[in-house]
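Visitor: The structure file start.csv (CSV, C-alpha atoms and all ligand atoms) is provided below.
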chain,number,residue,atom,x,y,z
A,1497,MET,CA,9.7,11.0,-30.0
A,1498,LYS,CA,11.9,13.1,-27.7
A,1499,LYS,CA,10.5,16.1,-26.0
A,1500,LYS,CA,12.0,19.4,-27.0
A,1501,ILE,CA,13.6,22.1,-24.9
A,1502,TYR,CA,14.6,25.6,-26.1
A,1503,ILE,CA,17.5,26.8,-23.8
A,1504,ALA,CA,18.1,30.6,-24.0
A,1505,GLY,CA,21.4,32.0,-22.7
A,1506,ALA,CA,23.1,28.6,-22.8
A,1507,GLY,CA,26.6,29.7,-23.6
A,1508,GLY,CA,27.8,30.2,-20.0
A,1509,MET,CA,28.6,28.2,-16.8
A,1510,LEU,CA,25.2,26.8,-16.3
A,1511,GLY,CA,24.4,26.3,-20.0
A,1512,GLU,CA,27.4,24.0,-20.4
A,1513,ALA,CA,26.0,21.6,-17.7
A,1514,PHE,CA,22.4,21.9,-19.0
A,1515,TYR,CA,23.5,20.9,-22.5
A,1516,ARG,CA,25.5,18.0,-21.1
A,1517,ILE,CA,22.7,16.7,-18.9
A,1518,PHE,CA,19.7,17.2,-21.2
A,1519,LYS,CA,21.1,16.6,-24.7
A,1520,ASP,CA,20.6,12.8,-24.7
A,1521,ASP,CA,17.1,12.5,-23.4
A,1522,TYR,CA,15.7,15.6,-25.1
A,1523,GLU,CA,16.0,17.4,-28.4
A,1524,VAL,CA,17.6,20.7,-27.3
A,1525,LYS,CA,18.0,24.0,-29.1
A,1526,CYS,CA,20.6,26.1,-27.3
A,1527,THR,CA,21.1,29.8,-28.0
A,1528,ASP,CA,23.1,32.7,-26.7
A,1529,LYS,CA,24.3,36.1,-27.8
A,1530,ASP,CA,27.9,34.7,-27.4
A,1531,VAL,CA,28.0,31.8,-29.8
A,1532,ASN,CA,31.0,30.0,-28.3
A,1533,GLU,CA,30.1,26.3,-29.1
A,1534,LYS,CA,29.1,24.5,-32.2
A,1535,TRP,CA,25.8,23.5,-30.5
A,1536,LEU,CA,24.8,27.1,-30.0
A,1537,SER,CA,23.1,29.5,-32.3
A,1538,PHE,CA,22.6,33.2,-32.0
A,1539,LEU,CA,19.7,34.8,-30.1
A,1540,ASP,CA,19.6,38.0,-28.1
A,1541,PHE,CA,16.7,37.4,-25.8
A,1542,ARG,CA,16.3,41.2,-25.1
A,1543,ASN,CA,14.8,41.3,-28.5
A,1544,PHE,CA,11.2,40.1,-27.9
A,1545,ASP,CA,10.2,39.6,-31.6
A,1546,ALA,CA,13.4,37.6,-32.4
A,1547,TYR,CA,13.0,35.5,-29.2
A,1548,LYS,CA,9.4,34.7,-30.0
A,1549,ARG,CA,10.1,33.9,-33.6
A,1550,ASP,CA,13.0,31.6,-32.8
A,1551,VAL,CA,11.2,29.7,-30.0
A,1552,GLU,CA,8.0,29.3,-32.0
A,1553,ALA,CA,9.9,28.0,-35.0
A,1554,PHE,CA,11.4,25.3,-32.8
A,1555,LYS,CA,8.0,24.3,-31.2
A,1556,PRO,CA,9.4,23.3,-27.8
A,1557,ASP,CA,7.7,21.5,-25.0
A,1558,TYR,CA,9.7,23.6,-22.4
A,1559,LEU,CA,11.4,27.0,-22.4
A,1560,PHE,CA,14.5,27.3,-20.3
A,1561,HIS,CA,15.5,30.9,-19.7
A,1562,LEU,CA,19.0,30.6,-18.3
A,1563,GLY,CA,21.0,33.7,-19.3
A,1564,ALA,CA,21.6,36.8,-17.3
A,1565,TYR,CA,24.4,39.3,-16.5
A,1566,THR,CA,26.0,37.9,-13.4
A,1567,ASP,CA,28.8,40.5,-12.9
A,1568,LEU,CA,27.5,42.5,-9.9
A,1569,GLU,CA,29.8,45.4,-10.6
A,1570,TYR,CA,28.8,45.6,-14.3
A,1571,CYS,CA,25.1,45.6,-13.1
A,1572,GLU,CA,25.7,48.5,-10.7
A,1573,LEU,CA,27.2,50.6,-13.5
A,1574,ASN,CA,24.8,49.6,-16.3
A,1575,LEU,CA,21.3,49.8,-15.0
A,1576,ASP,CA,19.3,49.9,-18.2
A,1577,ASP,CA,21.2,47.0,-19.8
A,1578,THR,CA,20.9,45.0,-16.5
A,1579,TYR,CA,17.1,45.4,-16.2
A,1580,LEU,CA,16.7,44.7,-19.9
A,1581,THR,CA,18.8,41.6,-19.7
A,1582,ASN,CA,17.8,40.2,-16.3
A,1583,THR,CA,14.2,41.4,-15.9
A,1584,THR,CA,12.3,42.4,-19.1
A,1585,SER,CA,13.8,39.5,-21.0
A,1586,VAL,CA,12.3,37.2,-18.4
A,1587,GLU,CA,8.9,38.9,-19.1
A,1588,ASN,CA,9.6,38.0,-22.8
A,1589,ALA,CA,10.2,34.4,-21.8
A,1590,VAL,CA,6.9,34.2,-19.8
A,1591,PHE,CA,4.8,35.8,-22.6
A,1592,ILE,CA,6.3,33.3,-25.1
A,1593,ALA,CA,5.8,30.2,-22.9
A,1594,ASN,CA,2.3,31.2,-21.9
A,1595,ASN,CA,1.4,31.8,-25.5
A,1596,LEU,CA,2.6,28.3,-26.4
A,1597,ASN,CA,1.1,26.9,-23.2
A,1598,ILE,CA,4.4,25.4,-22.1
A,1599,PRO,CA,6.3,25.5,-18.8
A,1600,VAL,CA,9.1,28.0,-18.3
A,1601,LEU,CA,12.3,27.5,-16.2
A,1602,TYR,CA,13.9,30.5,-14.6
A,1603,ILE,CA,17.1,30.6,-12.6
A,1604,SER,CA,17.1,32.9,-9.5
A,1605,THR,CA,19.8,33.5,-7.0
A,1606,ALA,CA,20.6,33.3,-3.3
A,1607,GLY,CA,21.8,36.9,-3.6
A,1608,ILE,CA,18.2,38.2,-3.4
A,1609,PHE,CA,18.4,38.0,0.4
A,1610,ASP,CA,19.9,40.8,2.6
A,1611,GLY,CA,21.8,38.6,5.0
A,1612,ALA,CA,20.0,39.6,8.1
A,1613,LYS,CA,19.4,35.9,8.8
A,1614,ASP,CA,22.1,33.2,8.7
A,1615,PHE,CA,20.0,30.8,6.5
A,1616,TYR,CA,17.1,31.2,4.1
A,1617,ASP,CA,14.5,28.6,3.2
A,1618,ASP,CA,12.2,28.8,0.2
A,1619,TRP,CA,9.6,30.9,2.0
A,1620,ASP,CA,11.8,33.6,3.5
A,1621,GLU,CA,11.2,37.1,2.2
A,1622,PRO,CA,13.8,38.4,-0.2
A,1623,ASN,CA,15.2,41.9,0.2
A,1624,PRO,CA,17.8,42.5,-2.5
A,1625,LEU,CA,20.6,44.9,-1.7
A,1626,GLY,CA,22.1,45.7,-5.1
A,1627,HIS,CA,20.9,46.0,-8.7
A,1628,TYR,CA,22.0,42.5,-9.9
A,1629,ALA,CA,20.0,41.0,-7.0
A,1630,ARG,CA,17.0,43.4,-7.6
A,1631,SER,CA,16.9,42.7,-11.3
A,1632,LYS,CA,16.9,38.9,-10.7
A,1633,TYR,CA,14.3,39.2,-8.0
A,1634,MET,CA,12.0,41.2,-10.2
A,1635,GLY,CA,12.4,38.5,-12.8
A,1636,GLU,CA,11.6,35.8,-10.2
A,1637,ARG,CA,8.5,37.7,-9.1
A,1638,TYR,CA,7.3,38.2,-12.7
A,1639,VAL,CA,7.5,34.4,-13.3
A,1640,ARG,CA,5.7,33.6,-10.1
A,1641,GLU,CA,2.9,36.0,-10.7
A,1642,ASN,CA,2.4,35.5,-14.4
A,1643,ALA,CA,3.7,32.1,-15.8
A,1644,THR,CA,1.0,29.5,-16.2
A,1645,ARG,CA,3.4,26.7,-15.3
A,1646,TYR,CA,7.0,27.3,-14.1
A,1647,ILE,CA,10.0,26.0,-12.2
A,1648,ILE,CA,12.1,28.6,-10.5
A,1649,CYS,CA,15.4,27.4,-9.0
A,1650,ARG,CA,17.5,29.6,-6.8
A,1651,ALA,CA,21.2,28.9,-7.1
A,1652,GLY,CA,24.0,29.9,-4.8
A,1653,TRP,CA,27.7,30.4,-5.6
A,1654,MET,CA,28.0,28.7,-8.9
A,1655,MET,CA,30.8,26.3,-9.7
A,1656,GLY,CA,30.9,25.2,-13.3
A,1657,GLY,CA,32.1,25.6,-16.8
A,1658,GLY,CA,35.8,25.1,-16.2
A,1659,PRO,CA,38.8,27.3,-17.2
A,1660,GLU,CA,37.1,28.8,-20.3
A,1661,LYS,CA,33.6,29.5,-18.9
A,1662,ASP,CA,33.7,29.8,-15.1
A,1663,LYS,CA,33.5,33.6,-14.3
A,1664,LYS,CA,33.3,33.1,-10.5
A,1665,PHE,CA,35.2,32.4,-7.3
A,1666,ILE,CA,36.7,29.0,-8.0
A,1667,ASN,CA,38.1,29.9,-11.4
A,1668,LYS,CA,39.5,33.2,-10.0
A,1669,LEU,CA,41.3,31.3,-7.3
A,1670,ILE,CA,42.6,28.6,-9.6
A,1671,LYS,CA,43.9,31.2,-12.1
A,1672,GLN,CA,45.7,33.0,-9.3
A,1673,LEU,CA,47.3,29.7,-8.2
A,1674,ALA,CA,48.2,28.8,-11.8
A,1675,ASN,CA,49.9,32.2,-12.1
A,1676,GLY,CA,52.2,31.3,-9.2
A,1677,ASN,CA,50.4,33.2,-6.4
A,1678,ARG,CA,51.1,31.4,-3.1
A,1679,ASN,CA,49.1,33.7,-0.9
A,1680,LEU,CA,45.3,34.0,-1.4
A,1681,ASN,CA,43.6,36.9,0.2
A,1682,VAL,CA,40.0,35.7,0.9
A,1683,VAL,CA,37.2,37.4,2.7
A,1684,ASN,CA,36.2,36.1,6.1
A,1685,ASP,CA,32.8,37.8,6.3
A,1686,LYS,CA,30.8,36.2,3.5
A,1687,ASP,CA,28.7,33.1,4.0
A,1688,GLY,CA,26.9,31.2,1.3
A,1689,THR,CA,26.4,27.9,-0.4
A,1690,PRO,CA,28.3,26.7,-3.5
A,1691,THR,CA,26.2,25.2,-6.3
A,1692,PHE,CA,27.7,22.7,-8.7
A,1693,THR,CA,26.1,23.2,-12.2
A,1694,VAL,CA,26.0,19.5,-13.0
A,1695,ASP,CA,24.1,18.6,-9.8
A,1696,PHE,CA,21.9,21.6,-10.4
A,1697,ALA,CA,21.0,20.5,-13.9
A,1698,LYS,CA,20.3,17.0,-12.7
A,1699,ASN,CA,18.0,18.2,-10.0
A,1700,VAL,CA,16.1,20.5,-12.4
A,1701,LYS,CA,15.7,17.4,-14.7
A,1702,LEU,CA,14.2,15.4,-11.9
A,1703,LEU,CA,11.7,18.2,-11.0
A,1704,LEU,CA,10.7,18.6,-14.6
A,1705,GLU,CA,10.2,14.9,-15.2
A,1706,ARG,CA,8.0,14.7,-12.1
A,1707,GLU,CA,6.2,17.9,-13.1
A,1708,TYR,CA,6.8,19.4,-9.6
A,1709,TRP,CA,6.2,23.0,-10.7
A,1710,GLY,CA,7.0,25.9,-8.4
A,1711,LEU,CA,9.8,27.7,-6.6
A,1712,TYR,CA,12.8,25.8,-5.1
A,1713,ASN,CA,16.0,26.7,-3.4
A,1714,MET,CA,18.6,24.5,-5.1
A,1715,VAL,CA,22.2,24.6,-3.7
A,1716,CYS,CA,24.8,22.1,-2.6
A,1717,ASN,CA,24.3,20.6,0.9
A,1718,GLY,CA,26.4,21.9,3.7
A,1719,GLU,CA,27.0,25.4,5.1
A,1720,THR,CA,30.1,27.3,4.4
A,1721,SER,CA,31.9,30.6,3.7
A,1722,ARG,CA,34.2,32.0,1.0
A,1723,TYR,CA,37.2,31.5,3.3
A,1724,GLU,CA,36.4,27.8,4.0
A,1725,VAL,CA,35.8,27.1,0.2
A,1726,ALA,CA,39.2,28.6,-0.6
A,1727,GLU,CA,40.9,26.5,2.1
A,1728,GLU,CA,39.2,23.3,0.8
A,1729,LEU,CA,40.2,24.1,-2.8
A,1730,VAL,CA,43.8,24.5,-1.8
A,1731,LYS,CA,43.6,21.2,0.1
A,1732,ILE,CA,42.0,19.4,-2.9
A,1733,LEU,CA,44.8,20.7,-5.1
A,1734,GLY,CA,47.4,19.3,-2.7
A,1735,LEU,CA,48.9,22.7,-2.2
A,1736,ASP,CA,48.1,23.2,1.5
A,1737,ASN,CA,51.8,23.1,2.4
A,1738,GLU,CA,52.8,25.7,-0.1
A,1739,VAL,CA,49.8,28.1,-0.2
A,1740,THR,CA,48.5,30.3,2.6
A,1741,VAL,CA,44.9,31.5,2.7
A,1742,SER,CA,44.9,34.9,4.5
A,1743,GLU,CA,41.7,36.2,6.0
A,1744,VAL,CA,40.7,39.7,5.0
A,1745,SER,CA,37.5,41.6,5.5
A,1746,SER,CA,35.3,42.7,2.5
A,1747,SER,CA,36.6,46.2,2.8
A,1748,TYR,CA,40.0,45.0,1.5
A,1749,PHE,CA,38.3,44.5,-1.9
A,1750,LYS,CA,36.0,47.5,-1.7
A,1751,ASP,CA,37.4,49.1,-4.9
A,1752,THR,CA,37.2,46.0,-7.0
A,1753,TYR,CA,34.0,44.5,-5.6
A,1754,PHE,CA,32.0,47.6,-4.8
A,1755,ALA,CA,28.6,46.2,-5.4
A,1756,PRO,CA,26.7,45.4,-2.2
A,1757,ARG,CA,26.7,41.8,-1.1
A,1758,PRO,CA,24.9,40.2,1.8
A,1759,PRO,CA,27.0,38.8,4.7
A,1760,SER,CA,25.0,35.6,4.4
A,1761,GLU,CA,23.2,34.2,1.4
A,1762,ARG,CA,23.1,30.6,2.7
A,1763,LEU,CA,20.1,28.7,1.4
A,1764,ILE,CA,18.4,25.6,2.7
A,1765,ASN,CA,16.7,23.3,0.1
A,1766,LYS,CA,13.7,22.9,2.4
A,1767,LYS,CA,11.1,22.3,-0.3
A,1768,LEU,CA,13.3,19.8,-2.2
A,1769,GLU,CA,13.8,18.0,1.1
A,1770,LEU,CA,10.1,18.0,2.0
A,1771,ARG,CA,9.2,16.6,-1.5
A,1772,ASN,CA,12.1,14.1,-1.3
A,1773,MET,CA,13.6,15.6,-4.4
A,1774,ASN,CA,16.9,16.9,-3.0
A,1775,ILE,CA,19.7,15.2,-5.0
A,1776,MET,CA,22.2,18.0,-4.5
A,1777,ARG,CA,25.4,16.7,-2.9
A,1778,ASP,CA,27.7,18.1,-0.2
A,1779,TRP,CA,29.6,21.1,-1.5
A,1780,LYS,CA,33.0,19.5,-0.7
A,1781,ILE,CA,32.2,16.4,-2.8
A,1782,ALA,CA,30.9,18.6,-5.6
A,1783,LEU,CA,34.0,20.8,-5.5
A,1784,ARG,CA,36.3,17.9,-5.7
A,1785,GLU,CA,34.4,16.5,-8.6
A,1786,TYR,CA,34.3,19.9,-10.3
A,1787,VAL,CA,38.1,20.3,-10.0
A,1788,ASN,CA,38.8,16.8,-11.2
A,1789,ASP,CA,36.4,16.8,-14.1
A,1790,TYR,CA,37.0,20.3,-15.4
A,1791,TYR,CA,40.4,21.4,-14.4
A,1792,ALA,CA,42.7,18.4,-14.4
A,1793,ASP,CA,44.1,19.1,-17.9
A,1794,TYR,CA,44.5,22.8,-17.3
A,1795,LEU,CA,46.3,22.3,-14.0
A,1796,LYS,CA,48.5,19.6,-15.3
A,1797,GLU,CA,49.5,22.0,-18.1
A,1798,LYS,CA,50.3,24.6,-15.4
A,1799,ASN,CA,52.3,22.0,-13.5
A,1800,ILE,CA,50.5,22.6,-10.2
A,1801,TYR,CA,48.1,19.7,-10.0
A,1802,PRO,CA,49.5,16.3,-9.0
A,1803,VAL,CA,46.6,14.7,-10.8
A,1804,LYS,CA,45.8,12.5,-7.9
A,1805,GLU,CA,43.6,9.6,-8.4
A,1806,TYR,CA,40.0,10.6,-8.4
A,1807,ILE,CA,38.6,10.0,-5.0
A,1808,THR,CA,35.0,9.2,-4.6
A,1809,LEU,CA,33.9,10.3,-1.2
A,1901,LIG,N1,27.1,32.6,-11.5
A,1901,LIG,C1,26.5,32.5,-10.3
A,1901,LIG,O1,27.2,32.5,-9.3
A,1901,LIG,C2,25.0,32.5,-10.2
A,1901,LIG,C3,24.4,32.3,-8.9
A,1901,LIG,C4,23.1,32.3,-8.8
A,1901,LIG,C5,22.3,32.3,-10.0
A,1901,LIG,N2,22.8,32.5,-11.2
A,1901,LIG,C6,22.0,32.6,-12.4
A,1901,LIG,O2,22.2,31.4,-13.2
A,1901,LIG,C7,21.9,31.7,-14.5
A,1901,LIG,C8,23.1,31.3,-15.4
A,1901,LIG,O3,24.2,32.1,-15.0
A,1901,LIG,P1,25.7,31.6,-15.3
A,1901,LIG,O4,26.4,31.5,-14.1
A,1901,LIG,O5,25.7,30.4,-16.3
A,1901,LIG,O6,26.2,32.9,-16.1
A,1901,LIG,P2,27.1,33.0,-17.4
A,1901,LIG,O7,28.2,32.1,-17.3
A,1901,LIG,O8,27.4,34.5,-17.5
A,1901,LIG,O9,26.1,32.6,-18.5
A,1901,LIG,C9,25.0,33.4,-18.9
A,1901,LIG,C10,25.0,33.5,-20.4
A,1901,LIG,O10,23.9,34.3,-20.8
A,1901,LIG,C11,24.3,35.1,-21.9
A,1901,LIG,N3,23.5,36.3,-22.1
A,1901,LIG,C12,23.5,37.4,-21.4
A,1901,LIG,N4,22.7,38.3,-22.0
A,1901,LIG,C13,22.1,37.7,-23.0
A,1901,LIG,C14,21.1,38.0,-24.0
A,1901,LIG,N5,20.6,39.3,-24.0
A,1901,LIG,N6,20.7,37.1,-24.9
A,1901,LIG,C15,21.3,35.9,-24.9
A,1901,LIG,N7,22.2,35.5,-24.0
A,1901,LIG,C16,22.6,36.3,-23.1
A,1901,LIG,C17,25.7,35.4,-21.5
A,1901,LIG,O11,26.4,35.9,-22.6
A,1901,LIG,P3,27.6,37.0,-22.3
A,1901,LIG,O12,28.7,36.2,-21.7
A,1901,LIG,O13,28.0,37.5,-23.7
A,1901,LIG,O14,27.1,38.1,-21.4
A,1901,LIG,C18,26.3,34.1,-21.0
A,1901,LIG,O15,26.7,33.3,-22.1
A,1901,LIG,C19,21.7,33.2,-14.6
A,1901,LIG,O16,20.3,33.5,-14.6
A,1901,LIG,C20,22.2,33.7,-13.2
A,1901,LIG,O17,21.6,34.9,-12.8
A,1901,LIG,C21,24.2,32.6,-11.3
Here is the file; what I need is its structure written in the form of structure tokens.
Guide:
Amino acid sequence: MKKKIYIAGAGGMLGEAFYRIFKDDYEVKCTDKDVNEKWLSFLDFRNFDAYKRDVEAFKPDYLFHLGAYTDLEYCELNLDDTYLTNTTSVENAVFIANNLNIPVLYISTAGIFDGAKDFYDDWDEPNPLGHYARSKYMGERYVRENATRYIICRAGWMMGGGPEKDKKFINKLIKQLANGNRNLNVVNDKDGTPTFTVDFAKNVKLLLEREYWGLYNMVCNGETSRYEVAEELVKILGLDNEVTVSEVSSSYFKDTYFAPRPPSERLINKKLELRNMNIMRDWKIALREYVNDYYADYLKEKNIYPVKEYITL
């Protein structure tokens, strides 16, 4: 008999990879308020009674609480909805999991740090700057202080989901290139660590199967910056002779991206390393695989990707 996992908020970037990685070895029930796949059903996890009813009816062995609002600007402008979605719904998940005596998984973020240091390990003290980060950190704290058994994984700059689901940096750049833009303006004052959703889901699976409960930083290996990621992407696409990546400071985007962001949100997977559980790959390898696996068809359609042979580094 397969063990059962209830995955809440599974319709986004990370949910796509979790479904893919867990569906064969587990019986999964995936829900979201945006039912954009046939393997999803509707659940708004802000509604405690509905959440509890739906999870209890499925009788899972684990509860994964993946969903959140991840648009920092939306969060700055919609505080009640943000805390309801990113924080009190996490309290819902903990009540439900504790009541069923099952472990809960929560996804936290590298964005909870203030950037006063260049790198953060699992034990550094968070100091969130904006409301997205604060709402996520309050969720993290609630899980740490109240869940009977939990895994919390802190992700960095997410890469996943492909053209339809990726709401973040890589997709924004690829869409600009697909629309014919040959000069990318990219900030030169933001450091962080990309996180490939597929690697992340695999690493969570490993922790779960070993029952290594607790809090873990979980990002791709290697240190980098927004600027370097953009340069690497252009190189992977074979466009380095046609496209320029121009450095700008964050103030260039101050009207569009007005939410506070730390200058560094680089994480180190110290605990994963100490426990010999770090299967996250280098971000450049992960980025190459992400582009090849998720964007080849889209880019071919747009006529900008030479569809080079897939290179295993
Ligand atoms: N994206 C990143 O760079 C990043 C970095 C670090 C950590 N994380 C964390 O990783 C987790 C997964 O994020 P993601 O990148 O996969 O984001 P995503 O693509 O936006 O997916 C999140 C999903 O949750 C759904 N959701 C939001 N409110 C909900 C509710 N009340 N009930 C049910 N579903 C709801 C969203 O639906 P709608 O689209 O309708 O809102 C969306 O389908 C989040 O906890 C996030 O904070 C993300």
Visitor: Do you know which residues are within 8 Å of ligand LIG 1901 (chain A) using only C-alpha atoms and all ligand atoms? Can you write them as a PyMOL selection string?
Guide: chain A and resi 1504-1512+1527-1531+1538-1543+1561-1567+1580-1582+1585+1602-1607+1632+1650-1657+1661-1664+1691
Visitor: Residues near Asp1778 of chain A, anyone? I mean within 12 Å using all atoms listed in the file, not counting same-chain ones fewer than 4 positions away, as a PyMOL selection string.
Guide: chain A and resi 1689-1692+1695+1715-1720+1774+1782-1785+1809
Visitor: Quick one: residues within 8 Å of Tyr1616 of chain A, only C-alpha atoms, excluding same-chain residues fewer than 3 positions away - as a list of chain:residue names?
Guide: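 The contact residues come out as A:Phe1609, A:Lys1613, A:Trp1619, A:Asp1620, A:Glu1761, A:Arg1762, A:Leu1763, A:Ile1764.
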Visitor: Mind giving me the straight-line distance from atom CA of Ala1629 of chain A to atom CA of Lys1701 of chain A in Å, one decimal?
Guide: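 For atom CA of Ala1629 of chain A relative to atom CA of Lys1701 of chain A, the distance reads 25.2 Å.
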Visitor: For a quick check of understanding, using all atoms listed in the file, which of A:Ile1775, A:Val1730, A:Val1600, A:Ala1674 has the smallest distance to Trp1709 of chain A?
Guide: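 Looking only at the distances to Trp1709 of chain A, the closest residue turns out to be A:Val1600.
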Visitor: Write out as a ChimeraX atom specification each polymer residue whose atoms come within 7 Å of segment 1497-1499 of chain A, counting all atoms listed in the file; drop sequence neighbours fewer than 3 positions from it.
Guide: /A:1521-1523,1557
Visitor: Name the residues in contact with Gly1658 of chain A at a cut-off of 10 Å, using only C-alpha atoms, excluding same-chain residues fewer than 5 positions from it; report them as a PyMOL selection string.
Guide: chain A and resi 1509+1512+1663+1666-1667+1786-1787+1789-1792+1794
Visitor: Quick one: write out the picked residues with C-alpha atoms as a compact mmCIF listing (two decimals), keeping the file's coordinate frame?
Guide:
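Contents of the output file again_21.txt:
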# COMPACT_ATOMS: atom_id res chain seq x y z
CA MET A 1509 28.60 28.20 -16.80
CA GLU A 1512 27.40 24.00 -20.40
CA LYS A 1663 33.50 33.60 -14.30
CA ILE A 1666 36.70 29.00 -8.00
CA ASN A 1667 38.10 29.90 -11.40
CA TYR A 1786 34.30 19.90 -10.30
CA VAL A 1787 38.10 20.30 -10.00
CA ASP A 1789 36.40 16.80 -14.10
CA TYR A 1790 37.00 20.30 -15.40
CA TYR A 1791 40.40 21.40 -14.40
CA ALA A 1792 42.70 18.40 -14.40
CA TYR A 1794 44.50 22.80 -17.30
Visitor: Compile the contact shell of segment 1743-1747 of chain A as a list in words: residues with an atom at most 6 Å away, counting only C-alpha atoms, same-chain residues fewer than 6 positions apart removed.
Guide: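 Once the nearby chain positions are removed, what remains is Val1682, Val1683 and Asn1684 of chain A.
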Visitor: Quick one: distance from atom CA of Glu1769 of chain A to atom CA of Lys1500 of chain A in Å, one decimal?
Guide: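 Computing the Euclidean distance for atom CA of Glu1769 of chain A and atom CA of Lys1500 of chain A yields 28.2 Å.
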Visitor: For Pro1759 of chain A, which residue among A:Trp1779, A:Tyr1579, A:Tyr1712, A:Phe1615 is the nearest when counting only C-alpha atoms?
Guide: A:Phe1615
Visitor: Quick check, in Å to one decimal: how far apart do atom CA of Pro1556 of chain A and atom CA of Met1714 of chain A lie?
Guide: 24.5 Å
Visitor: Some atoms are missing, so please complete segment 1674-1691 of chain A with N, CA and C atoms and return it as a CSV table (one decimal), in the frame of the given file.
Guide:
chain,number,residue,atom,x,y,z
A,1674,ALA,N,47.5,29.2,-10.6
A,1674,ALA,CA,48.2,28.8,-11.8
A,1674,ALA,C,49.2,29.8,-12.2
A,1675,ASN,N,49.0,31.1,-11.8
A,1675,ASN,CA,49.9,32.2,-12.1
A,1675,ASN,C,51.0,32.3,-11.1
A,1676,GLY,N,51.0,31.4,-10.1
A,1676,GLY,CA,52.2,31.3,-9.2
A,1676,GLY,C,51.9,32.0,-7.9
A,1677,ASN,N,50.7,32.6,-7.7
A,1677,ASN,CA,50.4,33.2,-6.4
A,1677,ASN,C,50.4,32.2,-5.3
A,1678,ARG,N,51.1,32.4,-4.2
A,1678,ARG,CA,51.1,31.4,-3.1
A,1678,ARG,C,50.5,32.0,-1.9
A,1679,ASN,N,49.9,33.2,-2.0
A,1679,ASN,CA,49.1,33.7,-0.9
A,1679,ASN,C,47.7,34.2,-1.4
A,1680,LEU,N,46.7,33.5,-1.0
A,1680,LEU,CA,45.3,34.0,-1.4
A,1680,LEU,C,44.7,34.8,-0.3
A,1681,ASN,N,44.3,36.0,-0.7
A,1681,ASN,CA,43.6,36.9,0.2
A,1681,ASN,C,42.1,36.6,0.0
A,1682,VAL,N,41.4,36.1,1.1
A,1682,VAL,CA,40.0,35.7,0.9
A,1682,VAL,C,39.2,36.3,2.1
A,1683,VAL,N,38.0,36.8,1.7
A,1683,VAL,CA,37.2,37.4,2.7
A,1683,VAL,C,36.7,36.4,3.8
A,1684,ASN,N,36.6,36.9,5.0
A,1684,ASN,CA,36.2,36.1,6.1
A,1684,ASN,C,34.8,36.5,6.6
A,1685,ASP,N,34.1,37.3,5.8
A,1685,ASP,CA,32.8,37.8,6.3
A,1685,ASP,C,31.7,37.6,5.3
A,1686,LYS,N,31.8,36.5,4.5
A,1686,LYS,CA,30.8,36.2,3.5
A,1686,LYS,C,30.4,34.7,3.6
A,1687,ASP,N,29.2,34.5,4.0
A,1687,ASP,CA,28.7,33.1,4.0
A,1687,ASP,C,27.8,32.8,2.9
A,1688,GLY,N,27.8,31.5,2.4
A,1688,GLY,CA,26.9,31.2,1.3
A,1688,GLY,C,26.9,29.7,1.1
A,1689,THR,N,26.4,29.3,-0.1
A,1689,THR,CA,26.4,27.9,-0.4
A,1689,THR,C,26.8,27.7,-1.9
A,1690,PRO,N,27.9,26.9,-2.1
A,1690,PRO,CA,28.3,26.7,-3.5
A,1690,PRO,C,27.2,25.8,-4.2
A,1691,THR,N,27.2,25.9,-5.5
A,1691,THR,CA,26.2,25.2,-6.3
A,1691,THR,C,26.9,24.6,-7.5
